file data-v1.txt (compact mmCIF, C-alpha atoms and all ligand atoms)
# COMPACT_ATOMS: atom_id res chain seq x y z
CA MET I 1435 -9.47 -2.15 -19.43
CA VAL I 1436 -5.95 -1.98 -17.94
CA SER I 1437 -3.57 0.38 -19.76
CA ASN I 1438 0.04 -0.28 -20.75
CA ASP I 1439 2.23 0.93 -17.90
CA PRO I 1440 4.87 3.34 -19.30
CA TYR I 1441 7.11 2.59 -16.30
CA GLU I 1442 7.15 -1.19 -16.56
CA GLY I 1443 10.76 -2.41 -16.76
CA ALA I 1444 12.08 1.06 -15.83
CA LEU I 1445 14.41 1.67 -12.89
CA PHE I 1446 13.06 5.14 -12.10
CA ILE I 1447 9.32 4.97 -11.46
CA PRO I 1448 7.05 7.55 -9.84
CA SER I 1449 5.69 5.17 -7.19
CA GLY I 1450 9.01 3.65 -6.15
CA GLY I 1451 12.54 3.05 -7.42
CA PRO I 1452 15.86 4.53 -6.26
CA VAL I 1453 14.45 7.92 -5.14
CA TRP I 1454 11.83 6.22 -2.96
CA HIS I 1455 14.40 3.82 -1.47
CA TRP I 1456 16.84 6.62 -0.70
CA ARG I 1457 14.13 8.73 0.92
CA ALA I 1458 12.78 5.77 2.90
CA LEU I 1459 16.24 4.85 4.18
CA TRP I 1460 16.93 8.36 5.48
CA ARG I 1461 13.52 9.02 6.92
CA GLN I 1462 13.00 5.73 8.79
CA TRP I 1463 13.12 7.29 12.26
CA ARG I 1464 10.87 10.19 11.24
CA TRP I 1465 8.32 7.67 9.99
CA ALA I 1466 8.29 5.81 13.32
CA GLY I 1467 4.82 7.13 14.29
CA PHE I 1468 3.29 6.13 10.96
CA LYS I 1469 5.00 2.75 11.01
CA SER I 1470 3.87 1.90 14.53
CA GLU I 1471 0.26 2.89 13.75
CA LEU I 1472 0.36 0.76 10.59
CA ALA I 1473 1.90 -2.11 12.60
CA ARG I 1474 -1.01 -1.91 15.05
CA HIS I 1475 -3.57 -2.33 12.27
CA LEU I 1476 -1.61 -5.15 10.66
CA GLU I 1477 -1.36 -6.91 14.03
CA ASN I 1478 -5.15 -6.75 14.35
CA TRP I 1479 -5.57 -8.21 10.86
CA GLN I 1480 -5.67 -12.00 11.41
CA PRO I 1481 -6.64 -13.73 8.16
CA PRO I 1482 -6.88 -17.54 8.57
CA SER I 1483 -3.95 -18.35 6.28
CA ASP I 1484 -0.22 -18.80 6.80
CA ARG I 1485 0.40 -17.63 3.21
CA LEU I 1486 0.59 -13.99 2.19
CA LEU I 1487 0.46 -12.35 -1.22
CA LEU I 1488 2.08 -8.93 -0.99
CA MET I 1489 1.10 -6.55 -3.77
CA GLY I 1490 3.55 -3.69 -4.44
CA PRO I 1491 5.57 -4.01 -1.22
CA SER I 1492 8.69 -2.32 -2.59
CA ALA I 1493 11.44 -3.05 -0.02
CA GLY I 1494 8.89 -3.15 2.78
CA TRP I 1495 10.30 0.02 4.36
CA CYS I 1496 7.04 0.60 6.23
CA LEU I 1497 6.16 -3.03 6.94
CA PRO I 1498 6.97 -4.56 10.34
CA SER I 1499 9.18 -7.67 10.21
CA ALA I 1500 7.09 -9.16 13.05
CA PHE I 1501 3.98 -9.03 10.85
CA LEU I 1502 5.75 -10.67 7.90
CA ALA I 1503 7.27 -13.34 10.15
CA ARG I 1504 3.76 -14.56 11.08
CA PHE I 1505 3.51 -16.20 7.64
CA LYS I 1506 5.10 -19.46 6.41
CA THR I 1507 5.13 -18.36 2.78
CA ILE I 1508 5.19 -14.89 1.22
CA ASP I 1509 4.80 -14.22 -2.48
CA ALA I 1510 5.51 -10.61 -3.41
CA VAL I 1511 4.59 -8.88 -6.68
CA ASP I 1512 6.41 -5.68 -7.66
CA ILE I 1513 7.69 -4.19 -10.91
CA ASP I 1514 10.68 -2.53 -9.21
CA PRO I 1515 13.87 -4.49 -10.00
CA LEU I 1516 15.49 -3.24 -6.75
CA ALA I 1517 12.64 -4.40 -4.50
CA PRO I 1518 13.71 -8.05 -3.89
CA LEU I 1519 17.26 -7.22 -2.80
CA LEU I 1520 16.27 -4.33 -0.54
CA PHE I 1521 13.31 -6.22 0.92
CA ARG I 1522 15.77 -8.94 1.99
CA PHE I 1523 18.05 -6.25 3.41
CA ASN I 1524 15.16 -5.01 5.57
CA HIS I 1525 13.50 -8.29 6.54
CA GLY I 1526 15.78 -11.18 5.50
CA LEU I 1527 17.09 -11.93 8.98
CA ALA I 1528 13.66 -11.96 10.63
CA LEU I 1529 12.24 -14.15 7.85
CA ALA I 1530 15.16 -16.56 8.12
CA ARG I 1531 14.54 -16.84 11.87
CA SER I 1532 10.82 -17.51 11.41
CA GLY I 1533 11.46 -19.96 8.54
CA THR I 1534 9.31 -17.86 6.19
CA SER I 1535 9.92 -18.50 2.51
CA LEU I 1536 9.92 -15.36 0.34
CA THR I 1537 9.55 -15.26 -3.44
CA PHE I 1538 9.42 -12.10 -5.55
CA HIS I 1539 7.60 -11.93 -8.88
CA LYS I 1540 8.37 -9.06 -11.25
CA LEU I 1541 4.86 -8.66 -12.64
CA ASN I 1542 2.40 -5.87 -13.29
CA LEU I 1543 -0.24 -6.68 -10.71
CA PHE I 1544 -3.07 -5.01 -12.63
CA ARG I 1545 -2.36 -6.68 -15.96
CA GLU I 1546 -1.71 -10.11 -14.41
CA PHE I 1547 -4.32 -9.76 -11.67
CA ASP I 1548 -6.50 -12.75 -12.52
CA SER I 1549 -3.62 -15.13 -13.12
CA ILE I 1550 -1.89 -14.04 -9.88
CA LEU I 1551 -5.07 -14.67 -7.87
CA LYS I 1552 -5.46 -18.07 -9.52
CA ALA I 1553 -1.84 -19.04 -8.80
CA TYR I 1554 -2.22 -18.30 -5.06
CA PRO I 1555 -5.79 -19.28 -4.16
CA GLU I 1556 -5.15 -19.76 -0.42
CA HIS I 1557 -3.04 -16.66 0.22
CA ALA I 1558 -4.35 -13.71 2.20
CA ILE I 1559 -3.60 -10.56 0.20
CA LEU I 1560 -2.11 -7.23 1.31
CA PHE I 1561 -1.98 -4.26 -1.07
CA SER I 1562 0.96 -2.41 0.37
CA ASN I 1563 0.54 1.27 -0.48
CA VAL I 1564 0.24 0.53 -4.17
CA LEU I 1565 -3.38 1.26 -5.14
CA GLY I 1566 -3.08 4.98 -4.40
CA GLN I 1567 -0.03 5.14 -6.69
CA HIS I 1568 -1.82 3.93 -9.80
CA LEU I 1569 -2.76 7.47 -10.89
CA PHE I 1570 0.97 8.01 -11.59
CA HIS I 1571 1.05 4.99 -13.89
CA ASP I 1572 -1.97 5.76 -16.09
CA GLU I 1573 -2.44 9.19 -17.66
CA ASP I 1574 -6.19 8.52 -18.04
CA GLN I 1575 -7.37 9.26 -14.49
CA ALA I 1576 -10.90 7.91 -15.03
CA ARG I 1577 -9.45 4.61 -16.24
CA ALA I 1578 -6.92 4.54 -13.37
CA GLN I 1579 -9.74 4.97 -10.85
CA ALA I 1580 -11.91 2.33 -12.56
CA THR I 1581 -8.97 -0.13 -12.50
CA ILE I 1582 -8.35 0.19 -8.76
CA GLU I 1583 -12.05 0.18 -7.91
CA ALA I 1584 -12.58 -3.02 -9.91
CA ILE I 1585 -10.17 -5.14 -7.88
CA LYS I 1586 -12.65 -5.69 -5.05
CA LEU I 1587 -15.00 -7.46 -7.48
CA SER I 1588 -12.42 -10.20 -8.10
CA LEU I 1589 -11.67 -10.52 -4.38
CA SER I 1590 -15.14 -11.32 -3.04
CA ASN I 1591 -14.05 -14.81 -1.89
CA ARG I 1592 -10.69 -13.71 -0.42
CA TYR I 1593 -9.28 -12.32 2.81
CA TRP I 1594 -7.55 -9.10 1.85
CA ALA I 1595 -6.43 -5.76 3.20
CA SER I 1596 -5.02 -2.57 1.81
CA PHE I 1597 -3.34 0.57 3.01
CA HIS I 1598 -3.27 3.29 0.39
CA ASP I 1599 -2.94 7.04 0.04
CA ARG I 1600 -6.19 9.01 0.07
CA LEU I 1601 -4.80 12.56 -0.04
CA SER I 1602 -1.37 14.16 -0.09
CA GLY I 1603 -0.17 17.74 0.02
CA ALA I 1604 1.92 20.46 1.59
CA TYR I 1605 1.64 20.76 5.37
CA PRO I 1606 3.42 23.40 7.45
CA PRO I 1607 6.47 21.98 9.29
CA GLY I 1608 5.90 21.83 13.04
CA LYS I 1609 2.10 22.23 12.82
CA ALA I 1610 0.21 19.65 14.91
CA LEU I 1611 -1.11 16.80 12.78
CA PRO I 1612 -4.87 16.41 12.32
CA ILE I 1613 -6.67 13.85 14.51
CA ALA I 1614 -6.77 10.47 12.72
CA GLN I 1615 -10.27 9.07 12.39
CA THR I 1616 -12.07 5.79 11.84
CA SER I 1617 -15.09 5.74 9.60
CA PRO I 1618 -17.63 2.97 8.96
CA ARG I 1619 -17.93 3.93 5.28
CA ALA I 1620 -16.27 5.83 2.44
CA VAL I 1621 -15.87 9.59 2.94
CA GLU I 1622 -15.62 11.67 -0.25
CA SER I 1623 -12.25 13.37 -0.65
CA ALA I 1624 -13.47 16.98 -0.32
CA LYS I 1625 -15.33 16.11 2.89
CA LEU I 1626 -12.34 14.17 4.20
CA ALA I 1627 -10.06 17.19 3.62
CA SER I 1628 -12.54 19.47 5.34
CA ASP I 1629 -13.09 17.04 8.27
CA LEU I 1630 -9.31 16.97 8.81
CA GLY I 1631 -9.05 20.76 8.58
CA LEU I 1632 -6.76 20.61 5.53
CA SER I 1633 -6.50 23.74 3.45
CA GLY I 1634 -4.80 24.47 0.12
CA GLN I 1635 -4.28 22.03 -2.74
CA TRP I 1636 -4.45 18.32 -1.92
CA LEU I 1637 -3.84 15.54 -4.42
CA ASP I 1638 -6.74 13.09 -4.51
CA HIS I 1639 -5.28 9.58 -4.97
CA LEU I 1640 -8.62 8.30 -6.37
CA THR I 1641 -8.94 5.58 -3.72
CA VAL I 1642 -12.24 6.64 -2.13
CA ASN I 1643 -14.00 3.45 -3.33
CA VAL I 1644 -11.16 0.93 -3.34
CA LEU I 1645 -12.63 -0.82 -0.28
CA PRO I 1646 -16.16 -2.29 -0.38
CA ASP I 1647 -18.85 0.07 0.95
CA GLU I 1648 -19.37 -1.54 4.33
CA THR I 1649 -15.65 -1.72 5.24
CA GLU I 1650 -14.42 0.16 8.31
CA ARG I 1651 -11.68 2.61 7.35
CA HIS I 1652 -8.85 3.70 9.64
CA LEU I 1653 -6.91 6.82 8.75
CA ILE I 1654 -3.18 7.00 9.43
CA LEU I 1655 -1.18 10.21 9.13
CA TRP I 1656 2.13 9.95 7.35
CA PRO I 1657 4.44 12.98 7.30
CA LEU I 1658 6.40 11.78 4.28
CA LEU I 1659 8.63 14.87 4.36
CA ALA I 1660 9.00 17.69 6.89
CA ASP I 1661 6.50 19.75 4.85
CA TRP I 1662 4.52 17.04 3.05
CA LEU I 1663 1.72 14.95 4.54
CA HIS I 1664 -0.04 11.83 3.27
CA ILE I 1665 -3.43 10.75 4.56
CA VAL I 1666 -3.39 6.95 4.37
CA GLU I 1667 -6.38 4.65 4.76
CA PHE I 1668 -6.24 1.07 6.08
CA GLY I 1669 -9.06 -1.45 5.76
CA SER I 1670 -9.45 -5.22 5.79
CA VAL I 1671 -12.07 -7.32 4.04
CA GLU I 1672 -13.41 -10.85 4.56
CA PRO I 1673 -15.06 -13.14 2.00
CA ARG I 1674 -18.73 -12.32 1.44
C1 LIG I 1701 5.01 3.42 -2.47
S1 LIG I 1701 5.76 1.92 -2.92
C2 LIG I 1701 5.26 0.81 -1.61
C3 LIG I 1701 6.01 1.08 -0.36
C4 LIG I 1701 5.95 -0.06 0.62
N1 LIG I 1701 4.66 -0.11 1.29
C5 LIG I 1701 7.04 0.02 1.66
O1 LIG I 1701 6.77 -0.27 2.85
O2 LIG I 1701 8.21 0.28 1.30
C6 LIG I 1701 4.72 1.33 -4.25
C7 LIG I 1701 5.30 0.10 -4.95
O3 LIG I 1701 4.34 -0.37 -5.89
C8 LIG I 1701 5.01 -0.86 -7.02
N2 LIG I 1701 4.08 -0.85 -8.15
C9 LIG I 1701 3.46 0.22 -8.70
N3 LIG I 1701 2.63 -0.18 -9.69
C10 LIG I 1701 2.74 -1.54 -9.77
C11 LIG I 1701 2.13 -2.52 -10.59
N4 LIG I 1701 1.25 -2.19 -11.54
N5 LIG I 1701 2.45 -3.82 -10.38
C12 LIG I 1701 3.34 -4.17 -9.42
N6 LIG I 1701 3.96 -3.28 -8.61
C13 LIG I 1701 3.65 -1.97 -8.78
C14 LIG I 1701 6.19 0.09 -7.19
O4 LIG I 1701 7.23 -0.53 -7.91
C15 LIG I 1701 6.57 0.36 -5.73
O5 LIG I 1701 7.58 -0.52 -5.31
call {"tool": "encode", "arguments": {"input": "data-v1.txt", "output": "structure tokens"}}
result
Amino acid sequence: MVSNDPYEGALFIPSGGPVWHWRALWRQWRWAGFKSELARHLENWQPPSDRLLLMGPSAGWCLPSAFLARFKTIDAVDIDPLAPLLFRFNHGLALARSGTSLTFHKLNLFREFDSILKAYPEHAILFSNVLGQHLFHDEDQARAQATIEAIKLSLSNRYWASFHDRLSGAYPPGKALPIAQTSPRAVESAKLASDLGLSGQWLDHLTVNVLPDETERHLILWPLLADWLHIVEFGSVEPR
């Protein structure tokens, strides 16, 4: 069962909103490594559709324009009222050049999930760093995890991909980042933290089983702040 989202319709939300946009604007160049690694994975993802459904893209601060410009049509779903304007600020020119049509829908993707899928049956789907944020939108963590784990069941006949937070926590400024890994299957959060040599308290974003079992997982390191690191996972899935 999907809960009511206390942040729906709000300007300030824990997974996005003005604070996120401000931070993203000022940290663009510091995120260059993360963005280019993400761009590489998105470039390798070649679903056979020229239509893209973007789930929770915010203003697309981390998304490469060149990836978006591959598509003829993009439908984007986000509850943030600022997302459409800022997304166009970031990507409008590139999308105009490629002739890509962009439409934003202010919908709660979890509550409207089935109707969104039905409305866009031919679109490839990208969950854009949204599934690992759901724990901030539902105080019942077991229910939040069940909600994000259930999405793969409705997507068995679709081409889809997701990048999402696995872990986040304090990381000493200047310390070398852990070595990013690829894994053929899900790695439990405690083992993942230990494999990466992370110590201290790390927030588990409950995304260990978002991707189907047999999906290859690529880790990407994202130093969100000078002293705060996110471990992000990327995976893509084909119809079974
Ligand atoms: C961390 S941001 C995504 C950042 C994005 N990848 C970028 O490159 O800027 C997460 C986004 O998910 C949106 N979001 C969170 N829960 C949502 C929901 N239930 N339905 C639709 N959008 C949601 C937030 O509004 C926010 O814009």
call {"tool": "closest_residue", "arguments": {"input": "data-v1.txt", "among": "I:Leu1536, I:Ala1620, I:Leu1626, I:Leu1632", "to": "I:Leu1519", "atoms": "all atoms listed in the file"}}
result
I:Leu1536
call {"tool": "closest_residue", "arguments": {"input": "data-v1.txt", "among": "I:Ile1613, I:Leu1527, I:Ala1624, I:Leu1560", "to": "I:Asp1638", "atoms": "all atoms listed in the file"}}
result
I:Ala1624
call {"tool": "residues_near_ligand", "arguments": {"input": "data-v1.txt", "ligand": "ligand LIG 1701 (chain I)", "cutoff": "7 Å", "atoms": "all atoms listed in the file", "output": "PDB file with C-alpha atoms, in the coordinates of the input"}}
result
ATOM      1  CA  ILE I1447       9.320   4.970 -11.460  1.00  0.00           C
ATOM      2  CA  SER I1449       5.690   5.170  -7.190  1.00  0.00           C
ATOM      3  CA  GLY I1450       9.010   3.650  -6.150  1.00  0.00           C
ATOM      4  CA  GLY I1451      12.540   3.050  -7.420  1.00  0.00           C
ATOM      5  CA  MET I1489       1.100  -6.550  -3.770  1.00  0.00           C
ATOM      6  CA  GLY I1490       3.550  -3.690  -4.440  1.00  0.00           C
ATOM      7  CA  PRO I1491       5.570  -4.010  -1.220  1.00  0.00           C
ATOM      8  CA  SER I1492       8.690  -2.320  -2.590  1.00  0.00           C
ATOM      9  CA  ALA I1493      11.440  -3.050  -0.020  1.00  0.00           C
ATOM     10  CA  GLY I1494       8.890  -3.150   2.780  1.00  0.00           C
ATOM     11  CA  TRP I1495      10.300   0.020   4.360  1.00  0.00           C
ATOM     12  CA  CYS I1496       7.040   0.600   6.230  1.00  0.00           C
ATOM     13  CA  LEU I1497       6.160  -3.030   6.940  1.00  0.00           C
ATOM     14  CA  VAL I1511       4.590  -8.880  -6.680  1.00  0.00           C
ATOM     15  CA  ASP I1512       6.410  -5.680  -7.660  1.00  0.00           C
ATOM     16  CA  ILE I1513       7.690  -4.190 -10.910  1.00  0.00           C
ATOM     17  CA  ASP I1514      10.680  -2.530  -9.210  1.00  0.00           C
ATOM     18  CA  ALA I1517      12.640  -4.400  -4.500  1.00  0.00           C
ATOM     19  CA  LEU I1541       4.860  -8.660 -12.640  1.00  0.00           C
ATOM     20  CA  ASN I1542       2.400  -5.870 -13.290  1.00  0.00           C
ATOM     21  CA  LEU I1543      -0.240  -6.680 -10.710  1.00  0.00           C
ATOM     22  CA  PHE I1544      -3.070  -5.010 -12.630  1.00  0.00           C
ATOM     23  CA  SER I1562       0.960  -2.410   0.370  1.00  0.00           C
ATOM     24  CA  ASN I1563       0.540   1.270  -0.480  1.00  0.00           C
ATOM     25  CA  VAL I1564       0.240   0.530  -4.170  1.00  0.00           C
ATOM     26  CA  GLN I1567      -0.030   5.140  -6.690  1.00  0.00           C
ATOM     27  CA  HIS I1568      -1.820   3.930  -9.800  1.00  0.00           C
ATOM     28  CA  HIS I1571       1.050   4.990 -13.890  1.00  0.00           C
TER      29      HIS I1571
END
call {"tool": "closest_residue", "arguments": {"input": "data-v1.txt", "among": "I:Asp1661, I:Leu1569, I:Trp1594, I:Leu1655", "to": "I:Leu1637", "atoms": "all atoms listed in the file"}}
result
I:Leu1569
call {"tool": "closest_residue", "arguments": {"input": "data-v1.txt", "among": "I:Leu1520, I:Ala1610, I:Leu1663, I:Leu1640", "to": "I:Glu1583", "atoms": "all atoms listed in the file"}}
result
I:Leu1640
call {"tool": "residues_near_point", "arguments": {"input": "data-v1.txt", "point": "(-9.9, 17.9, 6.3)", "cutoff": "12 Å", "atoms": "all atoms listed in the file", "output": "number ranges by chain"}}
result
I: 1600-1603, 1605, 1611-1615, 1621-1636, 1653, 1655, 1664-1665
call {"tool": "residues_around", "arguments": {"input": "data-v1.txt", "residues": "I:Lys1469", "least_positions_apart": "6", "cutoff": "12 Å", "atoms": "all atoms listed in the file", "output": "ChimeraX atom specification"}}
result
/I:1458,1461-1463,1475-1477,1494-1499,1501,1597,1654-1658,1666
call {"tool": "atom_distance", "arguments": {"input": "data-v1.txt", "atom1": "atom CA of I:Ile1582", "atom2": "atom CA of I:Leu1565"}}
result
6.2 Å
